[in-house]
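Pasting final.tsv here (TSV, C-alpha atoms):
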```
chain	number	residue	atom	x	y	z
A	7	TYR	CA	-31.07	5.20	12.85
A	8	SER	CA	-28.79	2.85	14.78
A	9	ARG	CA	-28.29	-0.89	14.35
A	10	ASP	CA	-26.59	-3.03	17.00
A	11	VAL	CA	-25.29	-6.43	15.84
A	12	ARG	CA	-22.78	-9.10	16.69
A	13	PRO	CA	-20.65	-10.44	13.82
A	14	ALA	CA	-21.42	-13.92	12.56
A	15	THR	CA	-19.00	-16.69	13.50
A	16	VAL	CA	-19.34	-18.74	10.32
A	17	GLY	CA	-16.18	-20.15	8.75
A	18	THR	CA	-12.60	-20.49	9.94
A	19	GLY	CA	-10.76	-17.92	7.82
A	20	ASN	CA	-9.78	-15.59	10.67
A	21	ALA	CA	-10.02	-15.09	14.41
A	22	TRP	CA	-13.29	-13.16	14.20
A	23	ALA	CA	-14.89	-15.81	12.00
A	24	ARG	CA	-13.81	-18.52	14.45
A	25	GLY	CA	-15.47	-16.63	17.30
A	26	GLU	CA	-12.22	-16.04	19.18
A	27	HIS	CA	-13.12	-12.44	20.08
A	28	ASP	CA	-16.26	-11.13	21.74
A	29	VAL	CA	-17.20	-8.19	19.54
A	30	ARG	CA	-20.21	-5.93	19.35
A	31	LEU	CA	-20.83	-3.64	16.35
A	32	VAL	CA	-23.04	-0.56	16.28
A	33	TYR	CA	-23.77	1.19	12.97
A	34	THR	CA	-25.47	4.57	13.12
A	35	VAL	CA	-26.89	6.59	10.20
A	36	ARG	CA	-28.01	10.22	10.40
A	37	VAL	CA	-29.66	11.98	7.45
A	38	ALA	CA	-30.12	15.74	7.03
A	39	ALA	CA	-31.13	17.90	4.06
A	40	THR	CA	-27.65	18.03	2.48
A	41	GLU	CA	-25.61	15.80	4.77
A	42	LEU	CA	-25.29	12.09	5.49
A	43	THR	CA	-23.33	10.85	8.51
A	44	THR	CA	-22.50	7.21	9.17
A	45	THR	CA	-20.58	5.84	12.15
A	46	LEU	CA	-19.32	2.32	12.81
A	47	GLU	CA	-18.37	1.41	16.38
A	48	VAL	CA	-16.46	-1.75	17.26
A	49	HIS	CA	-16.70	-2.69	20.94
A	50	ASN	CA	-14.30	-5.24	22.43
A	51	SER	CA	-16.43	-6.90	25.09
A	52	GLY	CA	-13.95	-9.74	25.56
A	53	GLU	CA	-10.89	-10.19	27.74
A	54	THR	CA	-8.06	-9.95	25.19
A	55	SER	CA	-6.76	-7.19	22.90
A	56	PHE	CA	-6.88	-7.77	19.15
A	57	ASP	CA	-5.82	-6.23	15.86
A	58	PHE	CA	-8.42	-5.22	13.30
A	59	ASN	CA	-9.17	-3.21	10.17
A	60	CYS	CA	-12.29	-1.11	9.75
A	61	LEU	CA	-13.58	0.26	6.43
A	62	LEU	CA	-16.74	2.08	5.32
A	63	HIS	CA	-17.56	0.80	1.81
A	64	THR	CA	-19.08	3.97	0.39
A	65	TYR	CA	-20.37	3.68	-3.18
A	66	LEU	CA	-20.96	7.15	-4.61
A	67	ARG	CA	-23.08	7.88	-7.68
A	68	VAL	CA	-21.43	10.15	-10.25
A	69	ASP	CA	-22.45	11.38	-13.70
A	70	ASP	CA	-19.41	9.96	-15.49
A	71	SER	CA	-16.62	8.19	-13.64
A	72	THR	CA	-14.19	8.83	-16.50
A	73	THR	CA	-14.22	12.55	-15.62
A	74	THR	CA	-14.54	12.19	-11.84
A	75	GLU	CA	-11.83	13.90	-9.79
A	76	ILE	CA	-10.95	13.30	-6.14
A	77	HIS	CA	-9.30	16.18	-4.33
A	78	GLY	CA	-7.64	16.17	-0.91
A	79	LEU	CA	-5.35	13.14	-1.05
A	80	GLY	CA	-2.12	15.08	-1.59
A	81	GLY	CA	0.66	13.78	0.65
A	82	TYR	CA	-0.94	10.34	1.08
A	83	SER	CA	1.30	7.36	0.31
A	84	ILE	CA	-0.07	4.96	-2.30
A	85	HIS	CA	-0.44	1.18	-2.33
A	86	ASP	CA	-1.67	0.43	-5.85
A	87	LYS	CA	-3.17	-3.03	-6.30
A	88	ILE	CA	-3.44	-2.64	-10.09
A	89	VAL	CA	-0.18	-0.88	-10.99
A	90	PRO	CA	2.45	-2.20	-8.54
A	91	THR	CA	5.08	0.28	-9.73
A	92	ASN	CA	2.97	3.07	-8.21
A	93	THR	CA	3.18	1.47	-4.76
A	94	GLY	CA	5.39	3.42	-2.41
A	95	THR	CA	4.91	6.71	-4.23
A	96	VAL	CA	3.22	9.73	-2.67
A	97	GLN	CA	0.19	11.48	-4.16
A	98	SER	CA	1.19	14.94	-5.37
A	99	TYR	CA	-0.46	17.97	-3.80
A	100	ASP	CA	-0.66	19.44	-7.32
A	101	ASP	CA	-2.52	16.54	-8.92
A	102	ASN	CA	-5.98	15.21	-8.16
A	103	VAL	CA	-6.86	11.51	-8.35
A	104	GLN	CA	-8.51	10.91	-11.73
A	105	LEU	CA	-10.13	7.63	-12.76
A	106	ALA	CA	-10.10	8.32	-16.52
A	107	GLY	CA	-11.79	5.00	-17.33
A	108	ARG	CA	-9.05	2.93	-15.67
A	109	ASN	CA	-9.39	-0.05	-13.33
A	110	VAL	CA	-8.51	1.62	-10.03
A	111	ASP	CA	-7.95	-0.11	-6.68
A	112	ALA	CA	-5.56	1.83	-4.46
A	113	VAL	CA	-5.04	2.48	-0.76
A	114	PHE	CA	-4.06	6.03	0.19
A	115	THR	CA	-2.39	6.00	3.60
A	116	HIS	CA	-2.65	9.15	5.68
A	117	PRO	CA	0.27	11.49	6.35
A	118	GLU	CA	1.12	11.50	10.05
A	119	ALA	CA	0.26	15.18	10.32
A	120	HIS	CA	-3.28	14.70	8.93
A	121	PRO	CA	-5.22	12.09	10.92
A	122	THR	CA	-8.61	13.26	9.61
A	123	LEU	CA	-9.59	12.57	6.00
A	124	HIS	CA	-10.79	15.62	4.04
A	125	ALA	CA	-11.66	14.60	0.47
A	126	GLN	CA	-13.76	16.26	-2.20
A	127	ILE	CA	-15.29	14.36	-5.11
A	128	VAL	CA	-16.26	16.23	-8.28
A	129	VAL	CA	-19.24	14.13	-9.35
A	130	SER	CA	-19.99	15.96	-12.61
A	131	LYS	CA	-17.96	18.03	-15.09
A	132	SER	CA	-20.80	20.14	-16.47
A	133	GLN	CA	-19.61	22.94	-18.75
A	134	THR	CA	-22.68	25.09	-18.17
A	135	LYS	CA	-22.86	25.33	-14.37
A	136	GLU	CA	-20.85	24.88	-11.20
A	137	PRO	CA	-20.07	21.14	-10.87
A	138	PRO	CA	-21.62	19.48	-7.84
A	139	ILE	CA	-19.08	18.57	-5.19
A	140	LEU	CA	-19.39	15.88	-2.55
A	141	ARG	CA	-17.31	16.75	0.51
A	142	LEU	CA	-16.23	13.74	2.56
A	143	GLU	CA	-14.74	14.07	6.03
A	144	ALA	CA	-13.84	11.07	8.16
A	145	ALA	CA	-12.32	10.68	11.61
A	146	GLY	CA	-11.32	7.72	13.76
A	147	GLN	CA	-10.75	6.87	17.40
A	148	VAL	CA	-9.36	3.76	19.09
A	149	ASN	CA	-9.36	3.36	22.88
A	150	ASP	CA	-10.46	7.03	23.22
A	151	GLN	CA	-7.42	8.24	21.25
A	152	VAL	CA	-7.38	9.81	17.78
A	153	SER	CA	-6.54	7.25	15.10
A	154	SER	CA	-5.59	8.31	11.58
A	155	VAL	CA	-7.94	7.57	8.68
A	156	SER	CA	-6.76	6.28	5.31
A	157	ALA	CA	-8.83	5.86	2.13
A	158	VAL	CA	-9.43	3.28	-0.59
A	159	VAL	CA	-10.36	4.48	-4.08
A	160	TRP	CA	-11.99	1.83	-6.29
A	161	ASN	CA	-13.63	1.56	-9.69
A	162	PRO	CA	-13.43	-1.65	-11.77
A	163	ALA	CA	-13.74	-0.01	-15.22
A	164	ALA	CA	-15.22	-1.81	-18.22
A	165	GLU	CA	-13.24	-5.06	-18.52
A	166	LYS	CA	-13.32	-6.07	-14.87
A	167	ALA	CA	-16.96	-4.97	-14.44
A	168	ALA	CA	-17.99	-7.23	-17.32
A	169	ALA	CA	-16.38	-10.20	-15.55
A	170	MET	CA	-18.04	-9.57	-12.17
A	171	SER	CA	-21.18	-11.59	-11.41
A	172	ASP	CA	-22.43	-9.13	-8.78
A	173	PHE	CA	-21.80	-5.92	-10.71
A	174	GLY	CA	-23.63	-4.55	-13.75
A	175	THR	CA	-21.58	-4.35	-16.94
A	176	ASP	CA	-22.04	-0.58	-17.28
A	177	GLU	CA	-22.40	0.37	-13.61
A	178	TRP	CA	-18.73	1.39	-13.38
A	179	LYS	CA	-19.58	4.48	-15.45
A	180	SER	CA	-21.82	5.98	-12.76
A	181	MET	CA	-20.02	5.15	-9.52
A	182	VAL	CA	-16.84	5.52	-7.56
A	183	CYS	CA	-15.86	4.20	-4.15
A	184	VAL	CA	-13.99	6.51	-1.80
A	185	GLU	CA	-13.82	4.42	1.36
A	186	PRO	CA	-12.48	5.80	4.67
A	187	GLY	CA	-10.77	3.23	6.84
A	188	LEU	CA	-8.64	2.35	9.85
A	189	LEU	CA	-6.24	0.22	7.90
A	190	GLY	CA	-3.45	-1.19	9.98
A	191	HIS	CA	-1.80	1.81	11.63
A	192	GLN	CA	-4.08	1.89	14.65
A	193	PRO	CA	-3.29	0.29	18.05
A	194	LEU	CA	-4.76	-2.98	19.29
A	195	LEU	CA	-8.33	-2.69	20.56
A	196	LYS	CA	-8.14	-3.24	24.30
A	197	PRO	CA	-10.67	-5.20	26.41
A	198	GLY	CA	-13.58	-2.85	27.10
A	199	GLY	CA	-12.29	-0.48	24.42
A	200	THR	CA	-14.11	0.99	21.44
A	201	ALA	CA	-12.97	1.81	17.93
A	202	ARG	CA	-15.03	4.43	16.12
A	203	LEU	CA	-14.96	5.37	12.43
A	204	SER	CA	-17.27	8.17	11.32
A	205	GLN	CA	-17.78	9.86	7.96
A	206	SER	CA	-19.79	12.90	6.91
A	207	LEU	CA	-20.88	13.46	3.30
A	208	VAL	CA	-22.03	16.98	2.39
A	209	THR	CA	-23.16	18.27	-1.01
A	210	THR	CA	-21.88	21.63	-2.17
A	211	THR	CA	-20.83	23.44	-5.38
A	212	ALA	CA	-17.58	24.96	-4.20
A	213	LEU	CA	-14.20	23.34	-3.67
A	214	SER	CA	-12.63	24.31	-0.37
A	215	GLU	CA	-8.95	25.21	-0.20
```
File written out as structure tokens:
Amino acid sequence: YSRDVRPATVGTGNAWARGEHDVRLVYTVRVAATELTTTLEVHNSGETSFDFNCLLHTYLRVDDSTTTEIHGLGGYSIHDKIVPTNTGTVQSYDDNVQLAGRNVDAVFTHPEAHPTLHAQIVVSKSQTKEPPILRLEAAGQVNDQVSSVSAVVWNPAAEKAAAMSDFGTDEWKSMVCVEPGLLGHQPLLKPGGTARLSQSLVTTTALSE
């Protein structure tokens, strides 16, 4: 399934909203038995280059977010919006990202040597069987050149969820966002150029090395 749209030009908050750039968006979804692939393409059909960010807001269902683990972000630098003292640190290769019932909103910026995101989300911690694993891979291109993919990890936890009008009070327990993105390290999108951000989600029961 593919959907071709042009962004709305309502409001004056930024250049896109003011209609200063001629942009065309194409969002494509492919579904297989154990795999979901989504791709967002941003086409610059105007006459000037522009800066942009691009993020796939992927809400994943989990059994219990307090025990959810996210593997594969070792070496990524952290910008923590909740705990500022964590900003500027680097995620350890020895430790996985664990939500543990905390309000989590953090950007994990790619290491230069790893432009493609390879993350694995343990969605259940069953003691009686192999835990289901969701394998997420994401890649980006800008102007036909590889562009590195970062990730946002988000879960509001109990207190913030209760204060949100568009989020169920207990929904934080059964979800986590692991959102691939082109988040500020990519080049300007040239006239006639295309930015592409694609992610593949595959279910499995084995963690890859």
For the atom pair CA of Arg202 in chain A and CA of Val48 in chain A, what is the interatomic distance in Å to one decimal place?
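Between CA of Arg202 in chain A and CA of Val48 in chain A the gap works out to 6.4 Å.
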Kindly indicate which residue among A:Glu47, A:Glu75, A:Asp28, A:Asp86 lies nearest to Asp150 in chain A, using all atoms listed in the file for the distances.
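Looking at the shortest contact to Asp150 in chain A, the residue is A:Glu47.
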Residues around (-25.2, 21.2, -1.6), cut-off 10 Å, counting all atoms listed in the file - what are they as a PyMOL selection string?
chain A and resi 39-41+138-141+208-212
Taking all atoms listed in the file into account, name the residue in A:His49, A:His116, A:His77, A:Lys179 that is nearest to Val29 in chain A.
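For Val29 in chain A, the nearest of the given residues is A:His49.
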Shortest interatomic distance to Asn50 in chain A - which of A:Val68, A:Ala119, A:Val110, A:Leu31, counting only C-alpha atoms:
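For Asn50 in chain A, the nearest of the candidates is A:Leu31.
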Would you mind listing what lies within 12 Å of Leu207 in chain A as a list in words, with only C-alpha atoms counted and same-chain residues fewer than 5 positions away left out?
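Neighbouring residues, sequence-local ones excluded: Val35, Arg36, Val37, Ala38, Ala39, Thr40, Glu41, Leu42, Thr43, Thr44, Thr45, Thr64, Tyr65, Leu66, Leu123, His124, Ala125, Gln126, Ile127, Ile139, Leu140, Arg141, Leu142, Glu143, Ala144, Val184, Glu185 and Pro186 of chain A.
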Measure the distance from CA of Ser98 in chain A to CA of Gly81 in chain A in Å and round it to one decimal.
6.2 Å
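Of the listed residues (A:Asp176, A:Asp111, A:Asp100, A:Asp70), A:Asp111 comes nearest to Ile84 in chain A; the distances count only C-alpha atoms.
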To one decimal place in Å, what is the distance between CA of Thr34 in chain A and CA of Ala201 in chain A?
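Spanning CA of Thr34 in chain A to CA of Ala201 in chain A is a straight-line distance of 13.7 Å.
Once Ala106 in chain A and its same-chain neighbours fewer than 3 positions away are set aside, A:Ser71, A:Thr72, A:Thr73, A:Thr74 remain within 8 Å of it when counting all atoms listed in the file.
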Here is a test: counting all atoms listed in the file, which residue of A:Asn59, A:Asn109, A:Ser171, A:Thr54 is nearest to Ser153 in chain A?
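Smallest separation from Ser153 in chain A among the options: A:Asn59.
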Smallest atom-to-atom distance to Thr95 in chain A: which of A:Arg30, A:Phe114, A:Arg108, A:Cys60, using all atoms listed in the file?
A:Phe114
Using all atoms listed in the file, what does the table of range 24-97 of chain A residues within 6 Å of range 191-196 of chain A look like, with each row giving the shortest atom pair and its distance in Å to one decimal, sorted by chain and ascending number, as CSV?
```
residue,atom,partner,partner_atom,distance
A:Ser55,CA,A:Lys196,CA,4.4
A:Phe56,CA,A:Leu194,CA,5.2
A:Asp57,CA,A:Leu194,CA,4.8
```
Residues from the last selection, C-alpha atoms, saved as an mmCIF file, in the frame of the given file:
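Once written, again_21.cif looks like this:
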```
data_model
loop_
_atom_site.group_PDB
_atom_site.id
_atom_site.type_symbol
_atom_site.label_atom_id
_atom_site.label_comp_id
_atom_site.auth_asym_id
_atom_site.auth_seq_id
_atom_site.Cartn_x
_atom_site.Cartn_y
_atom_site.Cartn_z
ATOM 1 C CA SER A 55 -6.760 -7.190 22.900
ATOM 2 C CA PHE A 56 -6.880 -7.770 19.150
ATOM 3 C CA ASP A 57 -5.820 -6.230 15.860
#
```
Please enclose the listed atoms of range 61-70 of chain A in an axis-aligned box, pad each side by 4 Å, and write out the centre and the three edge lengths in Å, rounded to one decimal, as JSON.
```
{"center_x": -18.3, "center_y": 5.8, "center_z": -4.5, "size_x": 17.5, "size_y": 19.1, "size_z": 29.9}
```
Mind checking which residues fall within 8 Å of Ala167 in chain A, counting all atoms listed in the file, ignoring those fewer than 5 positions away in the same chain, and posting them as a ChimeraX atom specification?
/A:162,173-178
